[in-house]
Amino acid sequence: MDHAEAEVRLLDAAEELFYGRGVQAVGMDQVRAASGVSLKRLYQVFPSKSELVRACLDRRDRRWRARLAAHVDACPAGRERVLAVYDWLYEWFTEPDFRGCAFVNAYGELGAVDPAVAAAVRAHKSAFHDYLADLVAAAGGPERVVAPLVLLAEGAMTAAAISGSPEPARQARLGADQLLAAS
């Protein structure tokens, strides 16, 4: 097995385990077993669990943002694209393995003890903020609504994870629509 194949198998296994059970609850041996990669090869590819966690977050960030952008880009330009963010959140929340935001989860577990993980989480959240800011600007909305729109989305992620219901996305969309209409 070459380096690239081992990396993909390790990331697939680790991401599923970390998201499903929590980062701290999963040991490297469990990742090894789930991936079918030897422990020696695992540590050649990812010399530490922290590096594996960061790689999982980086990959998830790219995938998450690409999926969101693909959904939003399919909508008519303007305000509808801003509101499409909340429609996409609803779809995400209905996925059978939804356990909340992997970045919030990782930060809750490791943010205080792993500065690199905290930085990866902050980068993801900053990119999401910037993405919403671009959508608002393209819709002709004022910059002052961006932070509240981000909070509506972030709050919906947390509320959906805790409640087990996708409805917080619809409630956040309603709030976002009212906020945009009032601005």
# chains A, B, ... in the order shown; residues from 1 in each chain; ligands from 1
$ residues_around --residues "region 97-99 of chain A" --least-positions-apart "4" --cutoff "12 Å" --atoms "only C-alpha atoms" --output "number ranges by chain"
A: 16-22, 89-93, 103-106, 157-166
$ write_last_selection --atoms "C-alpha atoms" --output "mmCIF file, in the first residue's frame"
data_model
loop_
_atom_site.group_PDB
_atom_site.id
_atom_site.type_symbol
_atom_site.label_atom_id
_atom_site.label_comp_id
_atom_site.auth_asym_id
_atom_site.auth_seq_id
_atom_site.Cartn_x
_atom_site.Cartn_y
_atom_site.Cartn_z
ATOM 1 C CA GLU A 16 -15.848 8.443 10.726
ATOM 2 C CA LEU A 17 -14.635 7.337 14.163
ATOM 3 C CA PHE A 18 -13.835 10.820 15.462
ATOM 4 C CA TYR A 19 -17.145 12.263 14.267
ATOM 5 C CA GLY A 20 -19.161 9.285 15.453
ATOM 6 C CA ARG A 21 -17.557 8.688 18.848
ATOM 7 C CA GLY A 22 -15.465 11.754 19.658
ATOM 8 C CA LEU A 89 -28.062 23.316 6.681
ATOM 9 C CA TYR A 90 -31.504 21.702 6.877
ATOM 10 C CA GLU A 91 -30.449 19.049 4.363
ATOM 11 C CA TRP A 92 -27.209 18.436 6.273
ATOM 12 C CA PHE A 93 -29.068 18.132 9.583
ATOM 13 C CA PHE A 103 -15.283 21.668 14.249
ATOM 14 C CA VAL A 104 -17.248 22.661 17.333
ATOM 15 C CA ASN A 105 -16.993 19.077 18.571
ATOM 16 C CA ALA A 106 -13.214 19.001 18.048
ATOM 17 C CA MET A 157 -25.927 23.672 14.050
ATOM 18 C CA THR A 158 -25.712 23.347 17.804
ATOM 19 C CA ALA A 159 -29.457 23.259 18.390
ATOM 20 C CA ALA A 160 -29.951 20.619 15.688
ATOM 21 C CA ALA A 161 -27.224 18.424 17.165
ATOM 22 C CA ILE A 162 -28.670 18.646 20.652
ATOM 23 C CA SER A 163 -32.329 18.319 19.688
ATOM 24 C CA GLY A 164 -31.847 15.698 16.997
ATOM 25 C CA SER A 165 -34.153 17.722 14.768
ATOM 26 C CA PRO A 166 -33.376 19.640 11.559
#
$ residues_around --residues "Ser50 (chain A)" --least-positions-apart "4" --cutoff "9 Å" --atoms "only C-alpha atoms" --output "MDAnalysis selection string"
chainID A and resid 46 54:55 114 116:117
$ residues_around --residues "Gly141 (chain A)" --least-positions-apart "6" --cutoff "9 Å" --atoms "only C-alpha atoms" --output "short mmCIF file (atom, residue, chain, number, x, y, z; two decimals) with all heavy atoms, in the first residue's frame"
data_model
loop_
_atom_site.label_atom_id
_atom_site.label_comp_id
_atom_site.auth_asym_id
_atom_site.auth_seq_id
_atom_site.Cartn_x
_atom_site.Cartn_y
_atom_site.Cartn_z
N ARG A 79 -30.46 37.70 -2.58
CA ARG A 79 -30.86 37.29 -1.24
C ARG A 79 -31.13 35.79 -1.13
O ARG A 79 -30.89 35.19 -0.08
CB ARG A 79 -32.10 38.09 -0.86
CG ARG A 79 -32.38 38.14 0.59
CD ARG A 79 -33.39 39.21 0.83
NE ARG A 79 -34.43 38.65 1.65
CZ ARG A 79 -35.54 39.25 1.97
NH1 ARG A 79 -35.78 40.45 1.54
NH2 ARG A 79 -36.41 38.67 2.74
N LEU A 135 -21.67 36.55 0.26
CA LEU A 135 -23.05 36.37 -0.20
C LEU A 135 -23.89 37.61 0.12
O LEU A 135 -24.68 38.06 -0.72
CB LEU A 135 -23.68 35.13 0.43
CG LEU A 135 -23.13 33.78 0.00
CD1 LEU A 135 -23.79 32.67 0.82
CD2 LEU A 135 -23.32 33.55 -1.49
N LEU A 180 -32.60 40.18 6.89
CA LEU A 180 -32.28 40.76 5.58
C LEU A 180 -33.37 41.74 5.13
O LEU A 180 -33.07 42.79 4.56
CB LEU A 180 -32.10 39.65 4.55
CG LEU A 180 -30.83 38.80 4.71
CD1 LEU A 180 -30.91 37.55 3.84
CD2 LEU A 180 -29.58 39.60 4.41
N SER A 183 -33.04 45.07 6.81
CA SER A 183 -31.83 45.86 6.54
C SER A 183 -31.95 46.48 5.19
O SER A 183 -31.29 47.19 4.65
CB SER A 183 -30.59 44.98 6.64
OG SER A 183 -30.62 43.95 5.69
#
$ closest_atom_pairs --of "region 2-84 of chain A" --to "region 130-133 of chain A" --cutoff "9 Å" --atoms "only C-alpha atoms" --output "Markdown table"
| residue | atom | partner | partner_atom | distance |
| --- | --- | --- | --- | --- |
| A:Arg65 | CA | A:Tyr131 | CA | 9.0 |
| A:Ala69 | CA | A:Tyr131 | CA | 8.8 |
| A:Val82 | CA | A:Leu132 | CA | 7.0 |
$ atom_distance --atom1 "CA of Ala77 (chain A)" --atom2 "CA of Thr94 (chain A)"
25.4 Å
$ residues_around --residues "Arg32 (chain A)" --least-positions-apart "3" --cutoff "12 Å" --atoms "only C-alpha atoms" --output "VMD selection string"
chain A and resid 6 to 7 9 to 14 17 26 to 29 35 to 43 45 to 46 49 52
$ write_last_selection --atoms "N, CA, C and O atoms" --output "CSV table (one decimal), in the first residue's frame"
chain,number,residue,atom,x,y,z
A,6,ALA,N,-2.7,4.8,1.9
A,6,ALA,CA,-2.7,4.7,3.3
A,6,ALA,C,-3.3,6.0,3.9
A,6,ALA,O,-4.2,5.9,4.8
A,7,GLU,N,-3.0,7.1,3.4
A,7,GLU,CA,-3.5,8.4,3.9
A,7,GLU,C,-5.0,8.5,3.8
A,7,GLU,O,-5.7,8.8,4.7
A,9,ARG,N,-7.2,6.0,3.4
A,9,ARG,CA,-7.8,5.0,4.2
A,9,ARG,C,-7.8,5.4,5.7
A,9,ARG,O,-8.8,5.3,6.4
A,10,LEU,N,-6.7,6.0,6.1
A,10,LEU,CA,-6.6,6.5,7.5
A,10,LEU,C,-7.6,7.6,7.8
A,10,LEU,O,-8.2,7.7,8.8
A,11,LEU,N,-7.6,8.6,6.8
A,11,LEU,CA,-8.5,9.7,7.0
A,11,LEU,C,-9.9,9.3,7.0
A,11,LEU,O,-10.7,9.8,7.8
A,12,ASP,N,-10.3,8.4,6.1
A,12,ASP,CA,-11.7,7.9,6.0
A,12,ASP,C,-12.1,7.3,7.4
A,12,ASP,O,-13.1,7.6,7.9
A,13,ALA,N,-11.2,6.4,7.9
A,13,ALA,CA,-11.5,5.7,9.1
A,13,ALA,C,-11.6,6.7,10.3
A,13,ALA,O,-12.5,6.6,11.1
A,14,ALA,N,-10.5,7.5,10.4
A,14,ALA,CA,-10.4,8.5,11.5
A,14,ALA,C,-11.6,9.4,11.5
A,14,ALA,O,-12.2,9.7,12.6
A,17,LEU,N,-14.7,7.7,12.7
A,17,LEU,CA,-14.6,7.3,14.2
A,17,LEU,C,-14.7,8.6,15.0
A,17,LEU,O,-15.4,8.6,16.0
A,26,VAL,N,-11.5,7.8,20.8
A,26,VAL,CA,-10.9,6.9,19.8
A,26,VAL,C,-9.4,6.9,19.9
A,26,VAL,O,-8.8,7.9,19.8
A,27,GLY,N,-8.8,5.7,20.0
A,27,GLY,CA,-7.4,5.6,20.0
A,27,GLY,C,-6.8,5.3,18.6
A,27,GLY,O,-7.6,4.9,17.7
A,28,MET,N,-5.5,5.5,18.5
A,28,MET,CA,-4.9,5.2,17.2
A,28,MET,C,-5.0,3.8,16.8
A,28,MET,O,-5.1,3.5,15.6
A,29,ASP,N,-5.1,2.9,17.7
A,29,ASP,CA,-5.2,1.4,17.4
A,29,ASP,C,-6.6,1.2,16.7
A,29,ASP,O,-6.7,0.4,15.8
A,35,SER,N,-9.0,1.1,9.5
A,35,SER,CA,-8.5,1.5,8.2
A,35,SER,C,-7.8,0.3,7.5
A,35,SER,O,-7.6,0.3,6.2
A,36,GLY,N,-7.4,-0.7,8.2
A,36,GLY,CA,-6.6,-1.8,7.7
A,36,GLY,C,-5.2,-1.4,7.4
A,36,GLY,O,-4.5,-2.1,6.6
A,37,VAL,N,-4.7,-0.3,7.9
A,37,VAL,CA,-3.3,0.2,7.7
A,37,VAL,C,-2.5,-0.3,8.9
A,37,VAL,O,-3.0,-0.2,10.1
A,38,SER,N,-1.3,-0.7,8.7
A,38,SER,CA,-0.5,-1.1,9.9
A,38,SER,C,-0.2,0.1,10.8
A,38,SER,O,-0.2,1.2,10.3
A,39,LEU,N,0.0,-0.2,12.1
A,39,LEU,CA,0.4,0.8,13.0
A,39,LEU,C,1.6,1.6,12.6
A,39,LEU,O,1.7,2.8,12.7
A,40,LYS,N,2.6,0.8,12.1
A,40,LYS,CA,3.9,1.4,11.7
A,40,LYS,C,3.6,2.4,10.5
A,40,LYS,O,4.1,3.5,10.6
A,41,ARG,N,2.8,2.0,9.5
A,41,ARG,CA,2.5,2.9,8.4
A,41,ARG,C,1.6,4.1,8.9
A,41,ARG,O,1.8,5.2,8.4
A,42,LEU,N,0.7,3.8,9.8
A,42,LEU,CA,-0.1,4.9,10.4
A,42,LEU,C,0.8,6.0,10.9
A,42,LEU,O,0.7,7.2,10.6
A,43,TYR,N,1.8,5.7,11.7
A,43,TYR,CA,2.7,6.7,12.3
A,43,TYR,C,3.7,7.2,11.3
A,43,TYR,O,4.2,8.3,11.5
A,45,VAL,N,2.6,8.0,8.2
A,45,VAL,CA,1.8,9.0,7.6
A,45,VAL,C,1.4,10.1,8.5
A,45,VAL,O,1.4,11.3,8.1
A,46,PHE,N,1.0,9.8,9.7
A,46,PHE,CA,0.6,10.8,10.7
A,46,PHE,C,1.4,10.5,12.0
A,46,PHE,O,0.9,9.6,12.8
A,49,LYS,N,-1.4,11.8,16.8
A,49,LYS,CA,-2.9,11.9,16.7
A,49,LYS,C,-3.3,13.3,16.4
A,49,LYS,O,-4.3,13.5,15.6
A,52,LEU,N,-3.2,13.8,12.8
A,52,LEU,CA,-4.3,13.1,12.1
A,52,LEU,C,-5.6,13.9,12.3
A,52,LEU,O,-6.4,14.0,11.4
$ closest_residue --among "A:Ala182, A:Val23, A:Glu95, A:Ala123" --to "Pro142 (chain A)" --atoms "only C-alpha atoms"
A:Ala182
$ closest_residue --among "A:Ala4, A:Gly108, A:Ala139, A:Val145" --to "Glu80 (chain A)" --atoms "only C-alpha atoms"
A:Ala139
$ closest_residue --among "A:Arg173, A:Phe128, A:Val8, A:Val31" --to "Ala66 (chain A)" --atoms "only C-alpha atoms"
A:Phe128
$ select_by_dssp --residues "region 32-70 of chain A" --states "helix (DSSP H, G or I)" --output "ChimeraX atom specification"
/A:32-35,39-45,49-70
$ write_last_selection --atoms "C-alpha atoms" --output "PDB file, in the first residue's frame"
ATOM      1  CA  ARG A  32      -5.504   1.349  12.508  1.00  0.00           C
ATOM      2  CA  ALA A  33      -8.017  -1.475  12.800  1.00  0.00           C
ATOM      3  CA  ALA A  34     -10.782   0.376  10.960  1.00  0.00           C
ATOM      4  CA  SER A  35      -8.462   1.472   8.160  1.00  0.00           C
ATOM      5  CA  LEU A  39       0.357   0.822  13.015  1.00  0.00           C
ATOM      6  CA  LYS A  40       3.863   1.418  11.654  1.00  0.00           C
ATOM      7  CA  ARG A  41       2.461   2.879   8.412  1.00  0.00           C
ATOM      8  CA  LEU A  42      -0.092   4.931  10.356  1.00  0.00           C
ATOM      9  CA  TYR A  43       2.688   6.660  12.286  1.00  0.00           C
ATOM     10  CA  GLN A  44       4.712   7.146   9.097  1.00  0.00           C
ATOM     11  CA  VAL A  45       1.789   8.992   7.554  1.00  0.00           C
ATOM     12  CA  LYS A  49      -2.894  11.855  16.743  1.00  0.00           C
ATOM     13  CA  SER A  50      -2.954  15.651  16.691  1.00  0.00           C
ATOM     14  CA  GLU A  51      -1.680  15.643  13.099  1.00  0.00           C
ATOM     15  CA  LEU A  52      -4.324  13.085  12.148  1.00  0.00           C
ATOM     16  CA  VAL A  53      -7.067  15.190  13.751  1.00  0.00           C
ATOM     17  CA  ARG A  54      -5.872  18.317  11.927  1.00  0.00           C
ATOM     18  CA  ALA A  55      -5.736  16.442   8.612  1.00  0.00           C
ATOM     19  CA  CYS A  56      -9.296  15.200   9.164  1.00  0.00           C
ATOM     20  CA  LEU A  57     -10.468  18.727   9.926  1.00  0.00           C
ATOM     21  CA  ASP A  58      -8.676  20.179   6.902  1.00  0.00           C
ATOM     22  CA  ARG A  59     -10.231  17.623   4.578  1.00  0.00           C
ATOM     23  CA  ARG A  60     -13.664  18.023   6.149  1.00  0.00           C
ATOM     24  CA  ASP A  61     -13.383  21.801   5.793  1.00  0.00           C
ATOM     25  CA  ARG A  62     -12.712  21.541   2.068  1.00  0.00           C
ATOM     26  CA  ARG A  63     -15.572  19.071   1.540  1.00  0.00           C
ATOM     27  CA  TRP A  64     -18.052  20.955   3.738  1.00  0.00           C
ATOM     28  CA  ARG A  65     -17.419  24.302   2.075  1.00  0.00           C
ATOM     29  CA  ALA A  66     -17.529  22.789  -1.417  1.00  0.00           C
ATOM     30  CA  ARG A  67     -20.876  21.100  -0.718  1.00  0.00           C
ATOM     31  CA  LEU A  68     -22.318  24.321   0.683  1.00  0.00           C
ATOM     32  CA  ALA A  69     -21.058  26.397  -2.248  1.00  0.00           C
ATOM     33  CA  ALA A  70     -22.422  23.916  -4.807  1.00  0.00           C
TER      34      ALA A  70
END
